[in-house]
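Working notes for the structure below.
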Amino acid sequence: MGVNGPEITIDFAPELHALAAPARRGGPTALRTDGSSTLGHLVESLGVPLTEVGAVLVDGRERPVSHVPREKEHVEVLAVRRPQQVPGAPLRFLLDVHLGTLARRLRLLGVDAAYESEDIGDPELASRSAAQRRVLLSRDRGLLRRRELWAGAFVYSDRPDEQLPDVLGRFAPRLAPWTRCTACNGELTDADKESVRERLEHGTRRTYDVFAQCTACDRVYWRGAHHAKLQTIVDEAVREFGDAVA
Ligand SMILES: [Zn+2]
């Protein structure tokens, strides 16, 4: 096996170089295959989850990832197109345990972002993605290779300031700031001061007038002390991505 298999050349698009094995980042390279592995298997074995792959071209023509490459074929692996269309609206996300800040920022923008602060494990994440038809966001390539996923996406940065524009640019979700609970992902509804009175500290009762309440966990929201920082996040996201519609 292996040494007598076909030799092909493989070329990853620049957007995929961060994921591809280091030796595959500089342009087309030769690859000896075992003669039975599919394109999909070869691409994943070189470090790139198929969630990140758009078209795969073989000698310039698009082929499915089930194609088994033959001698001297030239394979070009293209990145997924942005904004990416995910069939089966509405667009919803599920984030792994390492992406809590990103989850709260997506919720702040009104984007449906399920997240558990405890680690429920890869099989459970994958089956929730499938059952609830949510796009799984993760920096774990092993998780993104699980076949049962509804859809998935690799998050390219470990910094929330970069993760948010990455996800917004990739999927172009409809933004509806201040409509979702950042704590539980529930939807907010307007609440008047009287109905939430007992839930507020005395100082809050005096100072703030704008209230909303989570329909899922009853948490009360008002224009409070952290508002300026959150408003900046909202303003920047709306300025850059507010016109995009999924
Ligand atoms: Zn809530």
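The chains in the structure tokens are called A, B, ... from first to last as shown; in each chain the residues are counted from 1, and the ligands are counted from 1 in the order shown.
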
Problem set entry | 8 Å contact set for range 137-147 of chain A, only C-alpha atoms, chain neighbours under 4 positions out, as a list in words | Glu44, Gly47, Val48, Pro49, Leu50, Thr51, Phe93, Leu94, Leu95, Asp96, His98, Leu99, Asp122, Ala126, Gly152, Ala153, Phe154, Val155 and Tyr156 of chain A

For this session: Using only C-alpha atoms, determine which residues lie at most 12 Å from Arg24 in chain A, disregarding the query and same-chain residues fewer than 3 positions distant; provide the list as a PyMOL selection string.
Result: chain A and resi 9-14+16-21+27-31+43+45-48+76-77

Residues of range 111-174 of chain A within 9 Å of range 180-187 of chain A: nearest atom pair and distance (Å, one decimal) for each, counting only C-alpha atoms, sorted by chain and number, as a Markdown table?
```
| residue | atom | partner | partner_atom | distance |
| --- | --- | --- | --- | --- |
| A:Val111 | CA | A:Arg180 | CA | 7.7 |
| A:Asp112 | CA | A:Asn185 | CA | 6.6 |
| A:Ala113 | CA | A:Asn185 | CA | 6.4 |
| A:Ala114 | CA | A:Asn185 | CA | 6.5 |
| A:Tyr115 | CA | A:Cys184 | CA | 8.2 |
```

Take the residues that were just selected and, keeping C-alpha atoms, output them as a short mmCIF file (atom, residue, chain, number, x, y, z; two decimals), in the first residue's frame.
```cif
data_model
loop_
_atom_site.label_atom_id
_atom_site.label_comp_id
_atom_site.auth_asym_id
_atom_site.auth_seq_id
_atom_site.Cartn_x
_atom_site.Cartn_y
_atom_site.Cartn_z
CA VAL A 111 -28.12 35.88 16.76
CA ASP A 112 -29.41 32.52 18.04
CA ALA A 113 -26.34 31.00 19.73
CA ALA A 114 -26.76 27.92 21.96
CA TYR A 115 -23.92 27.33 24.40
#
```

Problem set entry | Nearest-residue call for ligand 1, choices A:Arg61, A:Arg197, A:Arg104, A:Arg223, using only C-alpha atoms and all ligand atoms |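 Nearest to ligand 1: A:Arg104.
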
For this session: Write out as an MDAnalysis selection string each polymer residue whose atoms come within 10 Å of Glu15 in chain A, counting only C-alpha atoms; drop sequence neighbours fewer than 5 positions from it.
Result: chainID A and resid 20 25 52:53 78:80

Problem set entry | Shell around range 190-196 of chain A at 6 Å using only C-alpha atoms, local window under 2 positions removed, as an MDAnalysis selection string | chainID A and resid 198:199 211:213

For this session: Could you check which of A:Asp34, A:Asp158, A:Glu148, A:Glu240 is closest to Glu71 in chain A, using only C-alpha atoms?
Result: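 Selected residue with least distance to Glu71 in chain A: A:Asp34.
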
Exercise. Rounded to one decimal in Å, what is the spacing between CA of Ser127 in chain A and atom 1 (Zn, counted along the ligand's line) of ligand 1?
Worked result: 23.4 Å

Arg174 in chain A surroundings by only C-alpha atoms, 12 Å radius, close-in-sequence under 2 positions cut, as a PDB file with C-alpha atoms, in the first residue's frame:
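Saved to result.pdb:
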```pdb
ATOM      1  CA  ALA A  89     -33.198  28.295   7.639  1.00  0.00           C
ATOM      2  CA  PRO A  90     -33.374  29.784  10.197  1.00  0.00           C
ATOM      3  CA  LEU A  91     -29.654  30.159  10.717  1.00  0.00           C
ATOM      4  CA  ARG A  92     -28.773  29.015  14.232  1.00  0.00           C
ATOM      5  CA  LEU A 106     -23.638  36.802  19.103  1.00  0.00           C
ATOM      6  CA  ARG A 107     -26.628  36.857  21.487  1.00  0.00           C
ATOM      7  CA  LEU A 109     -26.538  41.009  18.352  1.00  0.00           C
ATOM      8  CA  GLY A 110     -29.707  38.913  18.418  1.00  0.00           C
ATOM      9  CA  VAL A 111     -28.116  35.877  16.757  1.00  0.00           C
ATOM     10  CA  ASP A 112     -29.412  32.518  18.039  1.00  0.00           C
ATOM     11  CA  LEU A 168     -20.513  37.469  10.955  1.00  0.00           C
ATOM     12  CA  GLY A 169     -18.587  37.725   7.682  1.00  0.00           C
ATOM     13  CA  PHE A 171     -22.588  33.513   7.592  1.00  0.00           C
ATOM     14  CA  ALA A 172     -24.058  37.021   7.375  1.00  0.00           C
ATOM     15  CA  ALA A 176     -31.167  42.341  15.800  1.00  0.00           C
ATOM     16  CA  PRO A 177     -29.207  43.882  18.700  1.00  0.00           C
ATOM     17  CA  THR A 179     -33.363  41.300  21.460  1.00  0.00           C
ATOM     18  CA  ALA A 237     -20.876  44.924  14.122  1.00  0.00           C
ATOM     19  CA  VAL A 238     -23.853  46.804  12.662  1.00  0.00           C
ATOM     20  CA  PHE A 241     -22.257  43.643   8.830  1.00  0.00           C
ATOM     21  CA  GLY A 242     -25.655  45.236   9.483  1.00  0.00           C
ATOM     22  CA  ASP A 243     -26.771  45.284   5.849  1.00  0.00           C
ATOM     23  CA  ALA A 244     -25.939  41.642   5.278  1.00  0.00           C
ATOM     24  CA  VAL A 245     -28.946  39.345   5.265  1.00  0.00           C
ATOM     25  CA  ALA A 246     -28.677  35.582   5.443  1.00  0.00           C
TER      26      ALA A 246
END
```

For this session: In Å, rounded to a single decimal, give me how far CA of Gly88 in chain A is from CA of Gln163 in chain A.
Result: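 Atom-to-atom, CA of Gln163 in chain A to CA of Gly88 in chain A, that is 23.8 Å.
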
Problem set entry | Shell of 8 Å around Ser129 in chain A, only C-alpha atoms, local chain residues under 6 positions omitted, as a list in words |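 The neighbour list is Leu94, Val135, Leu136, Leu149, Trp150 and Ala151 of chain A.
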
Include N, CA and C atoms and write out the residues we just selected as a short mmCIF file (atom, residue, chain, number, x, y, z; two decimals), in the first residue's frame.
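Output file again.cif is given in full below:
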```cif
data_model
loop_
_atom_site.label_atom_id
_atom_site.label_comp_id
_atom_site.auth_asym_id
_atom_site.auth_seq_id
_atom_site.Cartn_x
_atom_site.Cartn_y
_atom_site.Cartn_z
N LEU A 94 -24.48 26.65 17.42
CA LEU A 94 -24.16 25.95 18.66
C LEU A 94 -22.66 26.08 18.84
N VAL A 135 -25.51 25.21 13.29
CA VAL A 135 -24.14 25.22 12.80
C VAL A 135 -23.21 25.18 14.01
N LEU A 136 -22.40 24.14 14.11
CA LEU A 136 -21.49 24.02 15.24
C LEU A 136 -20.24 24.86 14.98
N LEU A 149 -22.67 15.87 12.28
CA LEU A 149 -22.95 17.31 12.34
C LEU A 149 -23.96 17.73 11.28
N TRP A 150 -24.84 18.63 11.67
CA TRP A 150 -25.72 19.28 10.70
C TRP A 150 -24.88 20.16 9.77
N ALA A 151 -24.09 21.02 10.37
CA ALA A 151 -23.14 21.87 9.65
C ALA A 151 -22.15 22.35 10.69
#
```

Exercise. Among range 8-120 of chain A, which ones does DSSP place in alpha helix (DSSP H), written as a count of residues only?
Worked result: 16

Problem set entry | Lys72 in chain A surroundings by only C-alpha atoms, 8 Å radius, close-in-sequence under 6 positions cut, as a list in words |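 Close residues of Lys72 in chain A: Pro6, Glu7, Ile8 and Thr9 of chain A.
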
Exercise. Using only C-alpha atoms, which of A:Glu124, A:Glu116, A:Glu73, A:Glu162 sits nearest Ile233 in chain A?
Worked result: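 Among the listed residues, A:Glu162 lies closest to Ile233 in chain A.
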
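In this model, the gap between CA of Gln85 in chain A and CA of Trp178 in chain A comes to 24.8 Å.
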
For this session: Using DSSP on the backbone, list every residue of range 95-124 of chain A that comes out as strand (DSSP E), and give them as a list in words.
Result: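 Here are the strand (DSSP E) residues of range 95-124 of chain A: Leu95, Ala113, Ala114 and Tyr115 of chain A.
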
Problem set entry | Using only C-alpha atoms and all ligand atoms: which of A:Ala216, A:Val86, A:Leu230, A:Leu39 has the shortest distance to ligand 1 |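 Closest to ligand 1, using only C-alpha atoms and all ligand atoms: A:Ala216.
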
For this session: Kindly indicate which residue among A:Thr189, A:Thr33, A:Thr38, A:Ser117 lies nearest to ligand 1, using only C-alpha atoms and all ligand atoms for the distances.
Result: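 For ligand 1, the nearest of the given residues is A:Thr189.
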